[in-house]
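Comments concern the structure below.
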Amino acid sequence: MKARHHEFTKQHGNGGRRAVLCLLLPPLLILIVLKTDFLPQAVHVRETGFTRFKEDVVHKVSSLGLDSGRWQQQSLDPKKPEFAKDVAEAPTIMSKVACNFSNRHSDYCAMEGDLRIHGKSGRVYVVSSSTIGPENSTITLRPYTRKWEAATMSRIREVEIRSSPPAPHSFVIPPKCTVRHDVPAVIFSTGGCGKNFFHAMSDLIVPLYITAHEYNRGVQLLITDYNAHWVTKFRPILAALSMYPVIDADADTAVRCFPAVRVGLESHRILGIDPALSRNGYTMMGFRDFLRSVFSLQRPWTAPVSRSSGQKPRLVFVLRRHSRAVTNEADAIATLADIGFDVVAAGPEDVKDMAQFGPVVNSCDVMVGVHGAGLTNMVFLPHNGTIMQIIPWGNLRYACHYDFGEPVPDMGLRYVEYEVTAEETTLKDKYPRDHPVFADPRSIERMGKVWDVYLDGQNVTLDIDRFRGVMQQVYQSITTE
């Protein structure tokens, strides 16, 4: 026995002695543990070291895009003490992106999965994308709905969508979530023409309704090119679409994580909705019912008024100042009253507050006004109401009808127009009759001076007899014996 031990030592030297010592240590250690209180301390050291190891790995895994909350819950589960097993079972959320760049009005993208928004940098990170390819690893778009107007779109901040492939193929480390949301997000811009009430409704509010109403207020709105005045003005509508405060994306330094994101608004037509294109079959009548609910408007429908009852149909006359104003508005109002209307005259100050003016319009059967943003308030008329647009001089019939005539039938309203003649425009006091302003309006259009000459440069003096004839027909159409 001693000979063999001597031979082993000779062959392995001191290492052999250490090996023998190691073989003898386990039973010796057990004996020591049993005779002392070393066991709880050893377990504590082991658990503390293991926990630190796990926390370090959790931090690193989170930075690679896994759900840190879910990961920590799994890795600390006492029923699963094996760390390697936890790593193998950690789920990977596969993300996907779908975009529409064929819409004439707007580009927009819809995403699902692990999505992270850093508003201040204008970036959306799509982590572990299953739809990534060389052509769409980075997508940029401007989330506004006048895509055909280069000048307008140049004012819109770009949003960048960055997709990364699933691990281990990704070399992009997206930022860690600092705020987690369990509702979808919609990103859009208020940097276009939103100060104008027509554009605010047509470019933003109607498209926002199409895009966000389906979430039943369970959606977070993030705005780029944030316009505080616009947000304040339309807060009642925004609150009806989302139960959460609007986020100024440009100033937001948080990394917000969402299960679904839409960048850009879906838009179908000017001041309108195409039910065939809407994912949920939305209509403009439905949109107007939505507004009626937001502002607690009392009249869903208008009904013919009996002339023999002594009641009068109510008419709101939307008045302008500075341009396209009716210079003889007092005579026009008197004529309307003489025909049999109960007339409400509404100047620019009256129409500013939707919460106040909406109920006024809803109480009326007819709206009259010269082409302009004020006519957009027709959205508050009850169904079957009538809108009468006065079209200024300057070959503007097509453009005016496009803005306020075409949307009317889908709103459940009736449309009448009154086209101003050369005798009814104040341009006759500025230009001779043989001037292109009268002789060749299209040449003014080709020179790009329509706004300066015809929209911003004229007022209207109505031919009262002619105006009376048109409005008598309107009166007859909405009343009975």
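By order in the structure tokens, chains are A, B, ...; within a chain, residues start at 1; ligands start at 1, following the order shown.
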
Any chance you could list, as an mmCIF file with C-alpha atoms, in the first residue's frame, the residues in region 337-416 of chain A that come up strand (DSSP E or B) when DSSP is run on the backbone?
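The resulting selection10.cif:
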```
data_model
loop_
_atom_site.group_PDB
_atom_site.id
_atom_site.type_symbol
_atom_site.label_atom_id
_atom_site.label_comp_id
_atom_site.auth_asym_id
_atom_site.auth_seq_id
_atom_site.Cartn_x
_atom_site.Cartn_y
_atom_site.Cartn_z
ATOM 1 C CA ASP A 342 -85.367 82.354 -37.938
ATOM 2 C CA VAL A 343 -81.891 83.751 -38.647
ATOM 3 C CA VAL A 344 -78.785 83.421 -36.475
ATOM 4 C CA ALA A 345 -75.875 85.606 -37.635
ATOM 5 C CA ALA A 346 -72.504 84.122 -36.646
ATOM 6 C CA VAL A 366 -79.903 75.401 -42.747
ATOM 7 C CA MET A 367 -76.402 76.880 -42.923
ATOM 8 C CA VAL A 368 -75.464 79.641 -45.378
ATOM 9 C CA GLY A 369 -72.069 81.188 -46.022
ATOM 10 C CA VAL A 370 -69.412 82.194 -48.528
ATOM 11 C CA HIS A 383 -78.985 64.808 -40.387
ATOM 12 C CA THR A 386 -79.136 71.879 -45.721
ATOM 13 C CA ILE A 387 -75.882 73.659 -46.513
ATOM 14 C CA MET A 388 -75.897 76.550 -49.000
ATOM 15 C CA GLN A 389 -72.449 77.619 -50.244
ATOM 16 C CA ILE A 390 -71.914 81.008 -51.863
ATOM 17 C CA ILE A 391 -69.139 80.594 -54.441
ATOM 18 C CA ARG A 414 -78.436 68.402 -48.665
ATOM 19 C CA TYR A 415 -76.384 70.801 -50.740
ATOM 20 C CA VAL A 416 -77.290 74.041 -52.561
#
```

Skip region 118-121 of chain A itself and residues of its chain fewer than 4 positions away, then list as a tab-separated table (two decimals) with N, CA and C atoms, in the first residue's frame all residues within 9 Å of it, counting only C-alpha atoms.
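Done, and the output landed in around05.tsv:
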```tsv
chain	number	residue	atom	x	y	z
A	125	TYR	N	-38.62	51.66	-32.84
A	125	TYR	CA	-37.80	50.45	-32.97
A	125	TYR	C	-38.72	49.24	-33.01
A	159	VAL	N	-40.67	60.58	-39.21
A	159	VAL	CA	-40.57	59.53	-38.20
A	159	VAL	C	-39.85	58.35	-38.84
A	160	GLU	N	-38.85	57.84	-38.14
A	160	GLU	CA	-38.03	56.74	-38.67
A	160	GLU	C	-38.42	55.44	-37.96
A	175	PRO	N	-32.93	50.59	-27.61
A	175	PRO	CA	-32.92	51.13	-26.25
A	175	PRO	C	-33.87	50.36	-25.34
A	222	LEU	N	-49.65	60.10	-29.66
A	222	LEU	CA	-48.38	60.82	-29.61
A	222	LEU	C	-48.32	61.77	-30.80
A	223	ILE	N	-48.02	63.04	-30.53
A	223	ILE	CA	-48.06	64.07	-31.57
A	223	ILE	C	-46.67	64.61	-31.84
A	224	THR	N	-46.26	64.60	-33.10
A	224	THR	CA	-45.05	65.30	-33.52
A	224	THR	C	-45.43	66.68	-34.05
A	248	ASP	N	-46.54	64.90	-26.12
A	248	ASP	CA	-45.73	65.69	-27.05
A	248	ASP	C	-44.50	64.86	-27.39
A	249	ALA	N	-44.54	64.19	-28.51
A	249	ALA	CA	-43.46	63.25	-28.86
A	249	ALA	C	-42.12	63.96	-29.02
A	250	ASP	N	-42.12	65.17	-29.55
A	250	ASP	CA	-40.86	65.87	-29.82
A	250	ASP	C	-40.07	66.14	-28.54
A	251	ALA	N	-40.78	66.30	-27.43
A	251	ALA	CA	-40.11	66.63	-26.17
A	251	ALA	C	-39.99	65.42	-25.25
A	252	ASP	N	-40.43	64.27	-25.70
A	252	ASP	CA	-40.49	63.09	-24.83
A	252	ASP	C	-39.17	62.31	-24.88
A	253	THR	N	-38.48	62.26	-23.74
A	253	THR	CA	-37.20	61.55	-23.69
A	253	THR	C	-37.35	60.09	-23.28
A	254	ALA	N	-38.53	59.68	-22.88
A	254	ALA	CA	-38.74	58.29	-22.44
A	254	ALA	C	-38.68	57.34	-23.63
A	255	VAL	N	-38.34	56.10	-23.34
A	255	VAL	CA	-38.46	55.02	-24.33
A	255	VAL	C	-39.73	54.27	-23.98
A	256	ARG	N	-40.76	54.47	-24.77
A	256	ARG	CA	-42.09	53.91	-24.47
A	256	ARG	C	-42.31	52.65	-25.30
```

Residue with smallest distance to Gly372 (chain A) - pool A:Lys176, A:Arg314, A:His229, A:Arg321, counting only C-alpha atoms: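 Checking each of A:Lys176, A:Arg314, A:His229, A:Arg321 against Gly372 (chain A), counting only C-alpha atoms, the winner is A:Arg321.
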
Pairwise distance for CA of Gly310 (chain A) and CA of Met471 (chain A), rounded to one decimal in Å: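 Rounded to one decimal, the two atoms are 18.9 Å apart.
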
Neighbour list for Pro259 (chain A) as a list in words, cut-off 7 Å, only C-alpha atoms, skip fewer than 2 positions in-chain: Glu112, Gly113, Asp114, Leu115, Asp182, Val183 and Pro184 of chain A

From A:Tyr282, A:Trp301, A:Tyr454, A:Phe258, residue lying nearest Cys177 (chain A) [only C-alpha atoms]: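 Once distances to Cys177 (chain A) are computed over only C-alpha atoms, the minimum belongs to A:Phe258.
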